[in-house]
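*Asks:* Input file: final34.cif. Contents: mmCIF, C-alpha atoms and all ligand atoms.
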data_work
#
loop_
_atom_site.group_PDB
_atom_site.id
_atom_site.type_symbol
_atom_site.label_atom_id
_atom_site.label_comp_id
_atom_site.auth_asym_id
_atom_site.auth_seq_id
_atom_site.Cartn_x
_atom_site.Cartn_y
_atom_site.Cartn_z
ATOM 1 C CA MET A 1 -15.466 -25.890 -15.848
ATOM 2 C CA GLN A 2 -11.995 -27.358 -15.316
ATOM 3 C CA ARG A 3 -10.375 -24.231 -16.819
ATOM 4 C CA LEU A 4 -12.281 -21.966 -14.404
ATOM 5 C CA ILE A 5 -11.390 -24.148 -11.407
ATOM 6 C CA THR A 6 -7.704 -24.066 -12.405
ATOM 7 C CA GLU A 7 -7.780 -20.248 -12.729
ATOM 8 C CA LEU A 8 -9.666 -19.748 -9.445
ATOM 9 C CA SER A 9 -7.316 -21.991 -7.488
ATOM 10 C CA ARG A 10 -4.427 -19.659 -8.426
ATOM 11 C CA LEU A 11 -6.025 -16.934 -6.253
ATOM 12 C CA PRO A 12 -4.507 -16.314 -2.800
ATOM 13 C CA GLY A 13 -6.254 -18.278 -0.075
ATOM 14 C CA ILE A 14 -8.334 -20.323 -2.537
ATOM 15 C CA GLY A 15 -7.567 -24.019 -2.633
ATOM 16 C CA LYS A 16 -8.930 -26.523 -5.146
ATOM 17 C CA ARG A 17 -11.946 -27.299 -2.958
ATOM 18 C CA SER A 18 -12.990 -23.611 -2.643
ATOM 19 C CA ALA A 19 -12.375 -23.079 -6.357
ATOM 20 C CA GLU A 20 -14.800 -25.910 -7.144
ATOM 21 C CA ARG A 21 -17.393 -24.422 -4.790
ATOM 22 C CA VAL A 22 -17.130 -20.988 -6.485
ATOM 23 C CA ALA A 23 -17.322 -22.539 -9.967
ATOM 24 C CA PHE A 24 -20.475 -24.514 -9.119
ATOM 25 C CA TYR A 25 -21.981 -21.436 -7.471
ATOM 26 C CA LEU A 26 -21.383 -19.332 -10.612
ATOM 27 C CA LEU A 27 -22.905 -22.069 -12.754
ATOM 28 C CA LYS A 28 -26.154 -21.749 -10.799
ATOM 29 C CA ARG A 29 -26.312 -17.917 -10.893
ATOM 30 C CA PRO A 30 -27.887 -15.881 -13.742
ATOM 31 C CA ALA A 31 -25.623 -15.259 -16.757
ATOM 32 C CA GLU A 32 -25.567 -11.459 -16.127
ATOM 33 C CA GLU A 33 -24.081 -11.976 -12.681
ATOM 34 C CA ALA A 34 -21.183 -14.074 -13.975
ATOM 35 C CA ALA A 35 -20.665 -11.585 -16.816
ATOM 36 C CA ALA A 36 -20.515 -8.674 -14.329
ATOM 37 C CA LEU A 37 -17.798 -10.491 -12.378
ATOM 38 C CA ALA A 38 -15.822 -11.162 -15.570
ATOM 39 C CA ARG A 39 -16.139 -7.499 -16.595
ATOM 40 C CA ALA A 40 -14.995 -6.255 -13.182
ATOM 41 C CA ILE A 41 -11.858 -8.416 -13.451
ATOM 42 C CA GLU A 42 -11.196 -7.173 -16.994
ATOM 43 C CA ASP A 43 -11.690 -3.502 -16.014
ATOM 44 C CA LEU A 44 -9.359 -3.924 -13.044
ATOM 45 C CA LYS A 45 -6.392 -4.648 -15.296
ATOM 46 C CA LYS A 46 -7.453 -2.093 -17.913
ATOM 47 C CA ASN A 47 -8.261 0.873 -15.674
ATOM 48 C CA VAL A 48 -6.216 0.586 -12.485
ATOM 49 C CA HIS A 49 -2.742 2.131 -12.584
ATOM 50 C CA HIS A 50 -0.155 3.522 -10.204
ATOM 51 C CA CYS A 51 -0.509 7.218 -9.319
ATOM 52 C CA SER A 52 2.407 9.084 -10.926
ATOM 53 C CA VAL A 53 2.965 11.057 -7.707
ATOM 54 C CA CYS A 54 2.587 8.572 -4.823
ATOM 55 C CA PHE A 55 2.357 5.172 -6.644
ATOM 56 C CA ASN A 56 -0.901 4.285 -4.923
ATOM 57 C CA LEU A 57 -3.330 2.306 -7.102
ATOM 58 C CA THR A 58 -5.891 4.490 -8.848
ATOM 59 C CA GLU A 59 -8.203 4.782 -11.847
ATOM 60 C CA HIS A 60 -7.344 8.471 -12.212
ATOM 61 C CA ASP A 61 -3.922 10.119 -12.221
ATOM 62 C CA PRO A 62 -3.104 11.746 -9.857
ATOM 63 C CA CYS A 63 -5.029 9.659 -7.334
ATOM 64 C CA ALA A 64 -7.886 11.073 -5.229
ATOM 65 C CA ILE A 65 -5.559 11.639 -2.240
ATOM 66 C CA CYS A 66 -2.854 13.495 -4.212
ATOM 67 C CA GLY A 67 -5.552 15.491 -5.997
ATOM 68 C CA ASP A 68 -7.309 16.519 -2.768
ATOM 69 C CA ALA A 69 -6.521 20.184 -2.009
ATOM 70 C CA GLN A 70 -7.472 19.616 1.656
ATOM 71 C CA ARG A 71 -4.594 17.191 2.254
ATOM 72 C CA ASP A 72 -1.302 18.464 3.637
ATOM 73 C CA ARG A 73 1.316 17.925 0.900
ATOM 74 C CA THR A 74 4.186 18.801 3.225
ATOM 75 C CA GLN A 75 3.620 15.656 5.321
ATOM 76 C CA VAL A 76 4.372 12.365 3.555
ATOM 77 C CA LEU A 77 3.693 8.915 5.007
ATOM 78 C CA VAL A 78 5.924 6.289 3.387
ATOM 79 C CA VAL A 79 4.478 2.759 3.161
ATOM 80 C CA GLU A 80 5.478 -0.479 1.447
ATOM 81 C CA GLN A 81 2.316 -1.367 -0.494
ATOM 82 C CA PRO A 82 -0.832 0.306 -1.875
ATOM 83 C CA ARG A 83 -2.929 -1.782 0.537
ATOM 84 C CA ASP A 84 -1.151 -0.012 3.444
ATOM 85 C CA VAL A 85 -2.580 3.286 2.141
ATOM 86 C CA ALA A 86 -6.077 1.787 2.243
ATOM 87 C CA THR A 87 -5.488 0.490 5.783
ATOM 88 C CA MET A 88 -4.273 3.874 7.030
ATOM 89 C CA GLU A 89 -7.124 5.714 5.297
ATOM 90 C CA GLN A 90 -9.603 3.561 7.233
ATOM 91 C CA THR A 91 -8.420 5.151 10.480
ATOM 92 C CA GLY A 92 -9.542 8.566 9.135
ATOM 93 C CA MET A 93 -6.774 10.081 11.269
ATOM 94 C CA TYR A 94 -4.194 10.999 8.659
ATOM 95 C CA LYS A 95 -4.502 14.261 6.685
ATOM 96 C CA GLY A 96 -1.172 14.256 4.843
ATOM 97 C CA VAL A 97 -0.228 12.432 1.629
ATOM 98 C CA TYR A 98 1.525 9.119 0.923
ATOM 99 C CA HIS A 99 4.445 7.615 -0.932
ATOM 100 C CA VAL A 100 4.328 3.910 -1.798
ATOM 101 C CA LEU A 101 7.766 2.255 -2.064
ATOM 102 C CA MET A 102 6.392 -0.878 -3.770
ATOM 103 C CA GLY A 103 8.345 -3.170 -1.469
ATOM 104 C CA ARG A 104 11.102 -3.026 1.127
ATOM 105 C CA LEU A 105 14.861 -3.315 1.081
ATOM 106 C CA SER A 106 15.849 -6.962 1.011
ATOM 107 C CA PRO A 107 19.503 -7.438 0.058
ATOM 108 C CA LEU A 108 19.219 -11.244 0.111
ATOM 109 C CA ASP A 109 16.475 -11.083 -2.546
ATOM 110 C CA GLY A 110 18.457 -8.542 -4.565
ATOM 111 C CA ILE A 111 16.108 -5.674 -3.680
ATOM 112 C CA GLY A 112 18.205 -2.554 -3.158
ATOM 113 C CA PRO A 113 17.270 1.145 -3.084
ATOM 114 C CA GLY A 114 17.215 1.220 -6.912
ATOM 115 C CA GLU A 115 14.364 -1.317 -6.993
ATOM 116 C CA LEU A 116 12.061 0.817 -4.816
ATOM 117 C CA ASN A 117 10.382 4.211 -5.420
ATOM 118 C CA ILE A 118 13.024 6.117 -3.474
ATOM 119 C CA ASP A 119 14.344 8.541 -6.115
ATOM 120 C CA SER A 120 10.812 9.833 -6.668
ATOM 121 C CA LEU A 121 10.437 10.319 -2.901
ATOM 122 C CA MET A 122 13.624 12.394 -2.785
ATOM 123 C CA ALA A 123 12.378 14.457 -5.733
ATOM 124 C CA ARG A 124 9.148 15.235 -3.850
ATOM 125 C CA LEU A 125 11.112 16.719 -0.927
ATOM 126 C CA THR A 126 11.867 19.807 -2.968
ATOM 127 C CA SER A 127 8.942 19.890 -5.393
ATOM 128 C CA ASP A 128 6.352 19.633 -2.578
ATOM 129 C CA LYS A 129 8.402 21.480 0.092
ATOM 130 C CA VAL A 130 8.018 18.457 2.403
ATOM 131 C CA ARG A 131 8.555 19.267 6.098
ATOM 132 C CA GLU A 132 7.993 15.802 7.602
ATOM 133 C CA VAL A 133 8.342 12.242 6.333
ATOM 134 C CA ILE A 134 6.687 9.567 8.471
ATOM 135 C CA LEU A 135 8.152 6.106 7.905
ATOM 136 C CA GLY A 136 5.331 3.573 7.910
ATOM 137 C CA THR A 137 7.174 0.502 6.665
ATOM 138 C CA ASN A 138 6.146 -2.706 8.430
ATOM 139 C CA PRO A 139 7.625 -3.311 11.906
ATOM 140 C CA SER A 140 9.563 -6.312 10.602
ATOM 141 C CA ILE A 141 13.337 -6.778 10.270
ATOM 142 C CA GLU A 142 13.296 -5.703 6.614
ATOM 143 C CA GLY A 143 10.758 -2.918 7.232
ATOM 144 C CA ASP A 144 12.915 -1.556 10.062
ATOM 145 C CA GLY A 145 16.029 -1.798 7.879
ATOM 146 C CA THR A 146 14.249 0.139 5.140
ATOM 147 C CA ALA A 147 13.160 2.803 7.641
ATOM 148 C CA LEU A 148 16.718 3.118 8.949
ATOM 149 C CA TYR A 149 18.093 3.543 5.435
ATOM 150 C CA LEU A 150 15.472 6.168 4.558
ATOM 151 C CA ALA A 151 15.963 8.056 7.837
ATOM 152 C CA ARG A 152 19.659 8.451 6.970
ATOM 153 C CA GLU A 153 18.993 9.567 3.396
ATOM 154 C CA LEU A 154 16.170 11.925 4.330
ATOM 155 C CA GLY A 155 17.963 13.296 7.384
ATOM 156 C CA ALA A 156 20.835 14.326 5.113
ATOM 157 C CA HIS A 157 18.332 16.530 3.272
ATOM 158 C CA GLY A 158 17.371 18.289 6.491
ATOM 159 C CA VAL A 159 13.774 17.034 6.501
ATOM 160 C CA LYS A 160 12.103 15.944 9.758
ATOM 161 C CA VAL A 161 11.800 12.141 9.869
ATOM 162 C CA SER A 162 9.624 10.089 12.209
ATOM 163 C CA ARG A 163 8.651 6.422 12.497
ATOM 164 C CA LEU A 164 5.229 4.928 13.187
ATOM 165 C CA GLY A 165 5.764 3.323 16.508
ATOM 166 C CA ARG A 166 3.957 2.779 19.734
ATOM 167 C CA GLY A 167 1.847 -0.343 19.960
ATOM 168 C CA LEU A 168 2.752 -1.867 16.616
ATOM 169 C CA PRO A 169 3.613 -5.508 17.334
ATOM 170 C CA THR A 170 7.114 -6.395 16.128
ATOM 171 C CA GLY A 171 7.085 -8.548 13.003
ATOM 172 C CA SER A 172 3.523 -7.563 12.117
ATOM 173 C CA GLU A 173 2.178 -6.161 8.854
ATOM 174 C CA LEU A 174 0.293 -2.854 8.827
ATOM 175 C CA GLU A 175 -2.671 -4.316 6.967
ATOM 176 C CA TYR A 176 -3.445 -6.690 9.853
ATOM 177 C CA VAL A 177 -3.136 -4.093 12.611
ATOM 178 C CA SER A 178 -6.368 -2.744 14.106
ATOM 179 C CA LYS A 179 -7.491 0.805 13.303
ATOM 180 C CA ALA A 180 -7.138 1.930 16.927
ATOM 181 C CA VAL A 181 -3.560 0.645 17.229
ATOM 182 C CA LEU A 182 -2.654 2.213 13.887
ATOM 183 C CA ALA A 183 -4.131 5.577 14.885
ATOM 184 C CA ASP A 184 -2.156 5.367 18.138
ATOM 185 C CA ALA A 185 1.035 4.510 16.233
ATOM 186 C CA LEU A 186 0.508 7.576 14.039
ATOM 187 C CA HIS A 187 -0.132 9.805 17.014
ATOM 188 C CA GLY A 188 2.796 8.425 19.009
ATOM 189 C CA ARG A 189 5.333 8.407 16.174
ATOM 190 C CA GLN A 190 8.964 8.797 17.189
ATOM 191 C CA ASP A 191 11.384 11.342 15.765
ATOM 192 C CA LEU A 192 14.370 9.796 13.980
ATOM 193 C CA ALA A 193 15.942 12.875 12.395
ATOM 194 C CA PRO A 194 17.149 15.563 12.604
HETATM 195 ZN ZN ZN B 201 -1.281 9.701 -5.488
#
Translate the structure described by the file into C-alpha cells.
*Replies:*
Amino acid sequence: MQRLITELSRLPGIGKRSAERVAFYLLKRPAEEAAALARAIEDLKKNVHHCSVCFNLTEHDPCAICGDAQRDRTQVLVVEQPRDVATMEQTGMYKGVYHVLMGRLSPLDGIGPGELNIDSLMARLTSDKVREVILGTNPSIEGDGTALYLARELGAHGVKVSRLGRGLPTGSELEYVSKAVLADALHGRQDLAP
C-alpha cells in the first residue's frame, strides 16, 4: 500500500492525500480492474514511440496523421510538444501535417537549436516539398524567441513562414487555449517570411 501511494504521489497534480484516495479506491475494486490499469501503464511505455517523421507520439510509425493520404504534406505546423498536436487536432480545422520540436529554445537552460528537432524539420522542406510552415510555438517569451529563430532559418530557404496569432493570450500555453480561439489563431495567422 505504501509503495503504491509513493508511486502515485509522483504523478503531476496528485498530492499525498489524492494518492491515498486512489490507492484505497483500487483496493476496493475487482482485481481485473486494477490489473487492466497496470497493463495499460505497462503498454504505454512498451508501445508508444515518437513518429520518425513528425515526432508526435504514436503506436505505429509513421503516425496516423503522417500516414493519412488526405493530409496536405506541403503545410507543416510546428509545435513544442506532442500534446499540442492533440489540442490542435481537436479543433478539426487543420488539414496539414505537424512537426514536434520537443521543447523550445531556452539559452539559460542550455537548450539550443541542436537540442530540438530542427534539423529534421529542415530536411522535410525538400523531401516533402513544403510550401508553408506555420509556427505554433507557445505565445510565451521563449516560444516567441523560438518562432523568431525558425522564421529566420526557414525564410533563408525561401519557404513561406507564418505564426499562429490572433487571440492567443500572451504567455499562455496552446494546450489550455479554447478550441474556438485556436481555430481563429490558425485562420488569422500572420506572415513572417518571405
Ligand atoms: Zn507523424
*Asks:* What would the list of residues within 12 Å of (12.7, -4.5, 7.2) (file frame) look like as a PDB file with C-alpha atoms, keeping the file's coordinate frame, if only C-alpha atoms are what count?
*Replies:*
ATOM      1  CA  VAL A  79       4.478   2.759   3.161  1.00  0.00           C
ATOM      2  CA  GLU A  80       5.478  -0.479   1.447  1.00  0.00           C
ATOM      3  CA  GLY A 103       8.345  -3.170  -1.469  1.00  0.00           C
ATOM      4  CA  ARG A 104      11.102  -3.026   1.127  1.00  0.00           C
ATOM      5  CA  LEU A 105      14.861  -3.315   1.081  1.00  0.00           C
ATOM      6  CA  SER A 106      15.849  -6.962   1.011  1.00  0.00           C
ATOM      7  CA  PRO A 107      19.503  -7.438   0.058  1.00  0.00           C
ATOM      8  CA  LEU A 108      19.219 -11.244   0.111  1.00  0.00           C
ATOM      9  CA  ILE A 111      16.108  -5.674  -3.680  1.00  0.00           C
ATOM     10  CA  GLY A 112      18.205  -2.554  -3.158  1.00  0.00           C
ATOM     11  CA  LEU A 135       8.152   6.106   7.905  1.00  0.00           C
ATOM     12  CA  GLY A 136       5.331   3.573   7.910  1.00  0.00           C
ATOM     13  CA  THR A 137       7.174   0.502   6.665  1.00  0.00           C
ATOM     14  CA  ASN A 138       6.146  -2.706   8.430  1.00  0.00           C
ATOM     15  CA  PRO A 139       7.625  -3.311  11.906  1.00  0.00           C
ATOM     16  CA  SER A 140       9.563  -6.312  10.602  1.00  0.00           C
ATOM     17  CA  ILE A 141      13.337  -6.778  10.270  1.00  0.00           C
ATOM     18  CA  GLU A 142      13.296  -5.703   6.614  1.00  0.00           C
ATOM     19  CA  GLY A 143      10.758  -2.918   7.232  1.00  0.00           C
ATOM     20  CA  ASP A 144      12.915  -1.556  10.062  1.00  0.00           C
ATOM     21  CA  GLY A 145      16.029  -1.798   7.879  1.00  0.00           C
ATOM     22  CA  THR A 146      14.249   0.139   5.140  1.00  0.00           C
ATOM     23  CA  ALA A 147      13.160   2.803   7.641  1.00  0.00           C
ATOM     24  CA  LEU A 148      16.718   3.118   8.949  1.00  0.00           C
ATOM     25  CA  TYR A 149      18.093   3.543   5.435  1.00  0.00           C
ATOM     26  CA  LEU A 150      15.472   6.168   4.558  1.00  0.00           C
ATOM     27  CA  THR A 170       7.114  -6.395  16.128  1.00  0.00           C
ATOM     28  CA  GLY A 171       7.085  -8.548  13.003  1.00  0.00           C
ATOM     29  CA  SER A 172       3.523  -7.563  12.117  1.00  0.00           C
ATOM     30  CA  GLU A 173       2.178  -6.161   8.854  1.00  0.00           C
TER      31      GLU A 173
END
*Asks:* Counting only C-alpha atoms and all ligand atoms, which residues of chain A sit at most 6 Å from some atom of ligand ZN 201 (chain B), and what is each one's closest atom pair with its distance in Å to one decimal, listed by chain and rising residue number, as a tab-separated table?
*Replies:*
residue	atom	partner	partner_atom	distance
A:Cys51	CA	B:ZN201	ZN	4.6
A:Val53	CA	B:ZN201	ZN	5.0
A:Cys54	CA	B:ZN201	ZN	4.1
A:Phe55	CA	B:ZN201	ZN	5.9
A:Asn56	CA	B:ZN201	ZN	5.5
A:Pro62	CA	B:ZN201	ZN	5.2
A:Cys63	CA	B:ZN201	ZN	4.2
A:Ile65	CA	B:ZN201	ZN	5.7
A:Cys66	CA	B:ZN201	ZN	4.3
*Asks:* In Å, rounded to a single decimal, give me how far atom CA of Gly167 of chain A is from atom CA of Val97 of chain A.
*Replies:*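 Atom CA of Val97 of chain A sits 22.4 Å away from atom CA of Gly167 of chain A.
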*Asks:* Pick out the closest residue to Leu182 of chain A from this set: A:Leu37, A:Leu168, A:Leu27, A:Leu125. Count all atoms listed in the file.
*Replies:*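 Answer, going by the shortest atom-to-atom distance: A:Leu168.
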*Asks:* Record the distance separating atom CA of Pro82 of chain A and atom CA of Leu57 of chain A, expressed in Å with one decimal.
*Replies:*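 These two atoms are separated by 6.1 Å.
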*Asks:* How far is it from atom CA of Ile41 of chain A to atom CA of Met102 of chain A, in Å with one decimal?
*Replies:* 22.0 Å
*Asks:* Could you work out an axis-aligned bounding box for all listed atoms of segment 75-84 of chain A, with 6 Å added on each of the six sides, and give its centre and edge lengths in Å to one decimal, as AutoDock Vina command-line options?
*Replies:*
--center_x 1.5 --center_y 6.9 --center_z 1.7 --size_x 20.9 --size_y 29.4 --size_z 19.2
*Asks:* Assuming the chain letters and numbering stay as they are in my file, what does the PyMOL selection byres (((chain A and resi 193) around 6) and not hetatm) actually select? List them as a count of residues only.
*Replies:* 6
*Asks:* Rank nothing, just name the residue among A:His49, A:Lys179, A:Lys28, A:His99 nearest to Met122 of chain A, using all atoms listed in the file.
*Replies:*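 Between A:His49, A:Lys179, A:Lys28, A:His99, the residue approaching Met122 of chain A most closely is A:His99.
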*Asks:* Show me that you can extract segment 6-41 of chain A, keeping N, CA and C atoms, and write it as a PDB file, in the first residue's frame.
*Replies:*
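Okay, decode-v1.pdb is ready:
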ATOM      1  N   THR A   6       3.318   6.023  -2.653  1.00  0.00           N
ATOM      2  CA  THR A   6       4.539   6.762  -3.015  1.00  0.00           C
ATOM      3  C   THR A   6       4.606   6.956  -4.528  1.00  0.00           C
ATOM      4  N   GLU A   7       4.337   5.871  -5.294  1.00  0.00           N
ATOM      5  CA  GLU A   7       4.397   5.966  -6.760  1.00  0.00           C
ATOM      6  C   GLU A   7       3.331   6.920  -7.291  1.00  0.00           C
ATOM      7  N   LEU A   8       2.111   6.808  -6.780  1.00  0.00           N
ATOM      8  CA  LEU A   8       1.010   7.661  -7.255  1.00  0.00           C
ATOM      9  C   LEU A   8       1.277   9.131  -6.973  1.00  0.00           C
ATOM     10  N   SER A   9       1.884   9.418  -5.822  1.00  0.00           N
ATOM     11  CA  SER A   9       2.076  10.831  -5.468  1.00  0.00           C
ATOM     12  C   SER A   9       3.180  11.483  -6.302  1.00  0.00           C
ATOM     13  N   ARG A  10       3.894  10.694  -7.116  1.00  0.00           N
ATOM     14  CA  ARG A  10       4.852  11.276  -8.067  1.00  0.00           C
ATOM     15  C   ARG A  10       4.153  11.857  -9.285  1.00  0.00           C
ATOM     16  N   LEU A  11       2.884  11.464  -9.519  1.00  0.00           N
ATOM     17  CA  LEU A  11       2.158  11.908 -10.721  1.00  0.00           C
ATOM     18  C   LEU A  11       1.831  13.390 -10.619  1.00  0.00           C
ATOM     19  N   PRO A  12       1.817  14.087 -11.793  1.00  0.00           N
ATOM     20  CA  PRO A  12       1.530  15.531 -11.769  1.00  0.00           C
ATOM     21  C   PRO A  12       0.123  15.798 -11.227  1.00  0.00           C
ATOM     22  N   GLY A  13       0.028  16.737 -10.325  1.00  0.00           N
ATOM     23  CA  GLY A  13      -1.276  17.142  -9.803  1.00  0.00           C
ATOM     24  C   GLY A  13      -1.830  16.210  -8.740  1.00  0.00           C
ATOM     25  N   ILE A  14      -1.078  15.176  -8.369  1.00  0.00           N
ATOM     26  CA  ILE A  14      -1.559  14.236  -7.346  1.00  0.00           C
ATOM     27  C   ILE A  14      -0.717  14.390  -6.092  1.00  0.00           C
ATOM     28  N   GLY A  15      -1.323  14.910  -5.049  1.00  0.00           N
ATOM     29  CA  GLY A  15      -0.618  15.030  -3.775  1.00  0.00           C
ATOM     30  C   GLY A  15      -0.764  13.736  -2.994  1.00  0.00           C
ATOM     31  N   LYS A  16      -0.214  13.733  -1.760  1.00  0.00           N
ATOM     32  CA  LYS A  16      -0.241  12.517  -0.949  1.00  0.00           C
ATOM     33  C   LYS A  16      -1.682  12.116  -0.613  1.00  0.00           C
ATOM     34  N   ARG A  17      -2.508  13.118  -0.330  1.00  0.00           N
ATOM     35  CA  ARG A  17      -3.902  12.857   0.037  1.00  0.00           C
ATOM     36  C   ARG A  17      -4.664  12.172  -1.103  1.00  0.00           C
ATOM     37  N   SER A  18      -4.525  12.697  -2.335  1.00  0.00           N
ATOM     38  CA  SER A  18      -5.193  12.101  -3.507  1.00  0.00           C
ATOM     39  C   SER A  18      -4.647  10.706  -3.772  1.00  0.00           C
ATOM     40  N   ALA A  19      -3.339  10.542  -3.606  1.00  0.00           N
ATOM     41  CA  ALA A  19      -2.709   9.243  -3.844  1.00  0.00           C
ATOM     42  C   ALA A  19      -3.313   8.193  -2.907  1.00  0.00           C
ATOM     43  N   GLU A  20      -3.523   8.574  -1.658  1.00  0.00           N
ATOM     44  CA  GLU A  20      -4.133   7.659  -0.684  1.00  0.00           C
ATOM     45  C   GLU A  20      -5.543   7.285  -1.111  1.00  0.00           C
ATOM     46  N   ARG A  21      -6.295   8.305  -1.599  1.00  0.00           N
ATOM     47  CA  ARG A  21      -7.678   8.074  -2.004  1.00  0.00           C
ATOM     48  C   ARG A  21      -7.722   7.074  -3.165  1.00  0.00           C
ATOM     49  N   VAL A  22      -6.819   7.258  -4.152  1.00  0.00           N
ATOM     50  CA  VAL A  22      -6.771   6.355  -5.314  1.00  0.00           C
ATOM     51  C   VAL A  22      -6.393   4.947  -4.863  1.00  0.00           C
ATOM     52  N   ALA A  23      -5.416   4.840  -3.973  1.00  0.00           N
ATOM     53  CA  ALA A  23      -4.952   3.528  -3.507  1.00  0.00           C
ATOM     54  C   ALA A  23      -6.080   2.775  -2.797  1.00  0.00           C
ATOM     55  N   PHE A  24      -6.810   3.470  -1.932  1.00  0.00           N
ATOM     56  CA  PHE A  24      -7.925   2.822  -1.222  1.00  0.00           C
ATOM     57  C   PHE A  24      -9.047   2.449  -2.180  1.00  0.00           C
ATOM     58  N   TYR A  25      -9.252   3.303  -3.193  1.00  0.00           N
ATOM     59  CA  TYR A  25     -10.282   3.018  -4.199  1.00  0.00           C
ATOM     60  C   TYR A  25      -9.933   1.733  -4.949  1.00  0.00           C
ATOM     61  N   LEU A  26      -8.656   1.617  -5.381  1.00  0.00           N
ATOM     62  CA  LEU A  26      -8.226   0.432  -6.131  1.00  0.00           C
ATOM     63  C   LEU A  26      -8.349  -0.839  -5.288  1.00  0.00           C
ATOM     64  N   LEU A  27      -8.094  -0.691  -4.007  1.00  0.00           N
ATOM     65  CA  LEU A  27      -8.168  -1.823  -3.080  1.00  0.00           C
ATOM     66  C   LEU A  27      -9.584  -2.403  -3.040  1.00  0.00           C
ATOM     67  N   LYS A  28     -10.566  -1.519  -3.199  1.00  0.00           N
ATOM     68  CA  LYS A  28     -11.970  -1.942  -3.133  1.00  0.00           C
ATOM     69  C   LYS A  28     -12.478  -2.526  -4.452  1.00  0.00           C
ATOM     70  N   ARG A  29     -11.838  -2.170  -5.574  1.00  0.00           N
ATOM     71  CA  ARG A  29     -12.307  -2.591  -6.900  1.00  0.00           C
ATOM     72  C   ARG A  29     -11.910  -4.038  -7.191  1.00  0.00           C
ATOM     73  N   PRO A  30     -12.591  -4.705  -8.151  1.00  0.00           N
ATOM     74  CA  PRO A  30     -12.228  -6.072  -8.516  1.00  0.00           C
ATOM     75  C   PRO A  30     -10.782  -6.139  -9.026  1.00  0.00           C
ATOM     76  N   ALA A  31     -10.151  -7.302  -8.828  1.00  0.00           N
ATOM     77  CA  ALA A  31      -8.743  -7.484  -9.197  1.00  0.00           C
ATOM     78  C   ALA A  31      -8.507  -7.204 -10.681  1.00  0.00           C
ATOM     79  N   GLU A  32      -9.483  -7.595 -11.554  1.00  0.00           N
ATOM     80  CA  GLU A  32      -9.287  -7.407 -13.010  1.00  0.00           C
ATOM     81  C   GLU A  32      -9.146  -5.920 -13.345  1.00  0.00           C
ATOM     82  N   GLU A  33      -9.889  -5.092 -12.626  1.00  0.00           N
ATOM     83  CA  GLU A  33      -9.864  -3.664 -12.929  1.00  0.00           C
ATOM     84  C   GLU A  33      -8.482  -3.067 -12.628  1.00  0.00           C
ATOM     85  N   ALA A  34      -7.933  -3.435 -11.485  1.00  0.00           N
ATOM     86  CA  ALA A  34      -6.594  -2.951 -11.119  1.00  0.00           C
ATOM     87  C   ALA A  34      -5.555  -3.498 -12.094  1.00  0.00           C
ATOM     88  N   ALA A  35      -5.744  -4.763 -12.514  1.00  0.00           N
ATOM     89  CA  ALA A  35      -4.792  -5.377 -13.444  1.00  0.00           C
ATOM     90  C   ALA A  35      -4.841  -4.675 -14.795  1.00  0.00           C
ATOM     91  N   ALA A  36      -6.048  -4.281 -15.239  1.00  0.00           N
ATOM     92  CA  ALA A  36      -6.200  -3.580 -16.521  1.00  0.00           C
ATOM     93  C   ALA A  36      -5.462  -2.246 -16.491  1.00  0.00           C
ATOM     94  N   LEU A  37      -5.546  -1.557 -15.349  1.00  0.00           N
ATOM     95  CA  LEU A  37      -4.851  -0.275 -15.199  1.00  0.00           C
ATOM     96  C   LEU A  37      -3.338  -0.501 -15.266  1.00  0.00           C
ATOM     97  N   ALA A  38      -2.860  -1.518 -14.560  1.00  0.00           N
ATOM     98  CA  ALA A  38      -1.426  -1.824 -14.553  1.00  0.00           C
ATOM     99  C   ALA A  38      -0.946  -2.170 -15.958  1.00  0.00           C
ATOM    100  N   ARG A  39      -1.760  -2.933 -16.699  1.00  0.00           N
ATOM    101  CA  ARG A  39      -1.382  -3.316 -18.065  1.00  0.00           C
ATOM    102  C   ARG A  39      -1.324  -2.099 -18.988  1.00  0.00           C
ATOM    103  N   ALA A  40      -2.305  -1.207 -18.833  1.00  0.00           N
ATOM    104  CA  ALA A  40      -2.344  -0.005 -19.681  1.00  0.00           C
ATOM    105  C   ALA A  40      -1.087   0.836 -19.469  1.00  0.00           C
ATOM    106  N   ILE A  41      -0.633   0.927 -18.219  1.00  0.00           N
ATOM    107  CA  ILE A  41       0.577   1.702 -17.913  1.00  0.00           C
ATOM    108  C   ILE A  41       1.803   1.021 -18.533  1.00  0.00           C
TER     109      ILE A  41
END
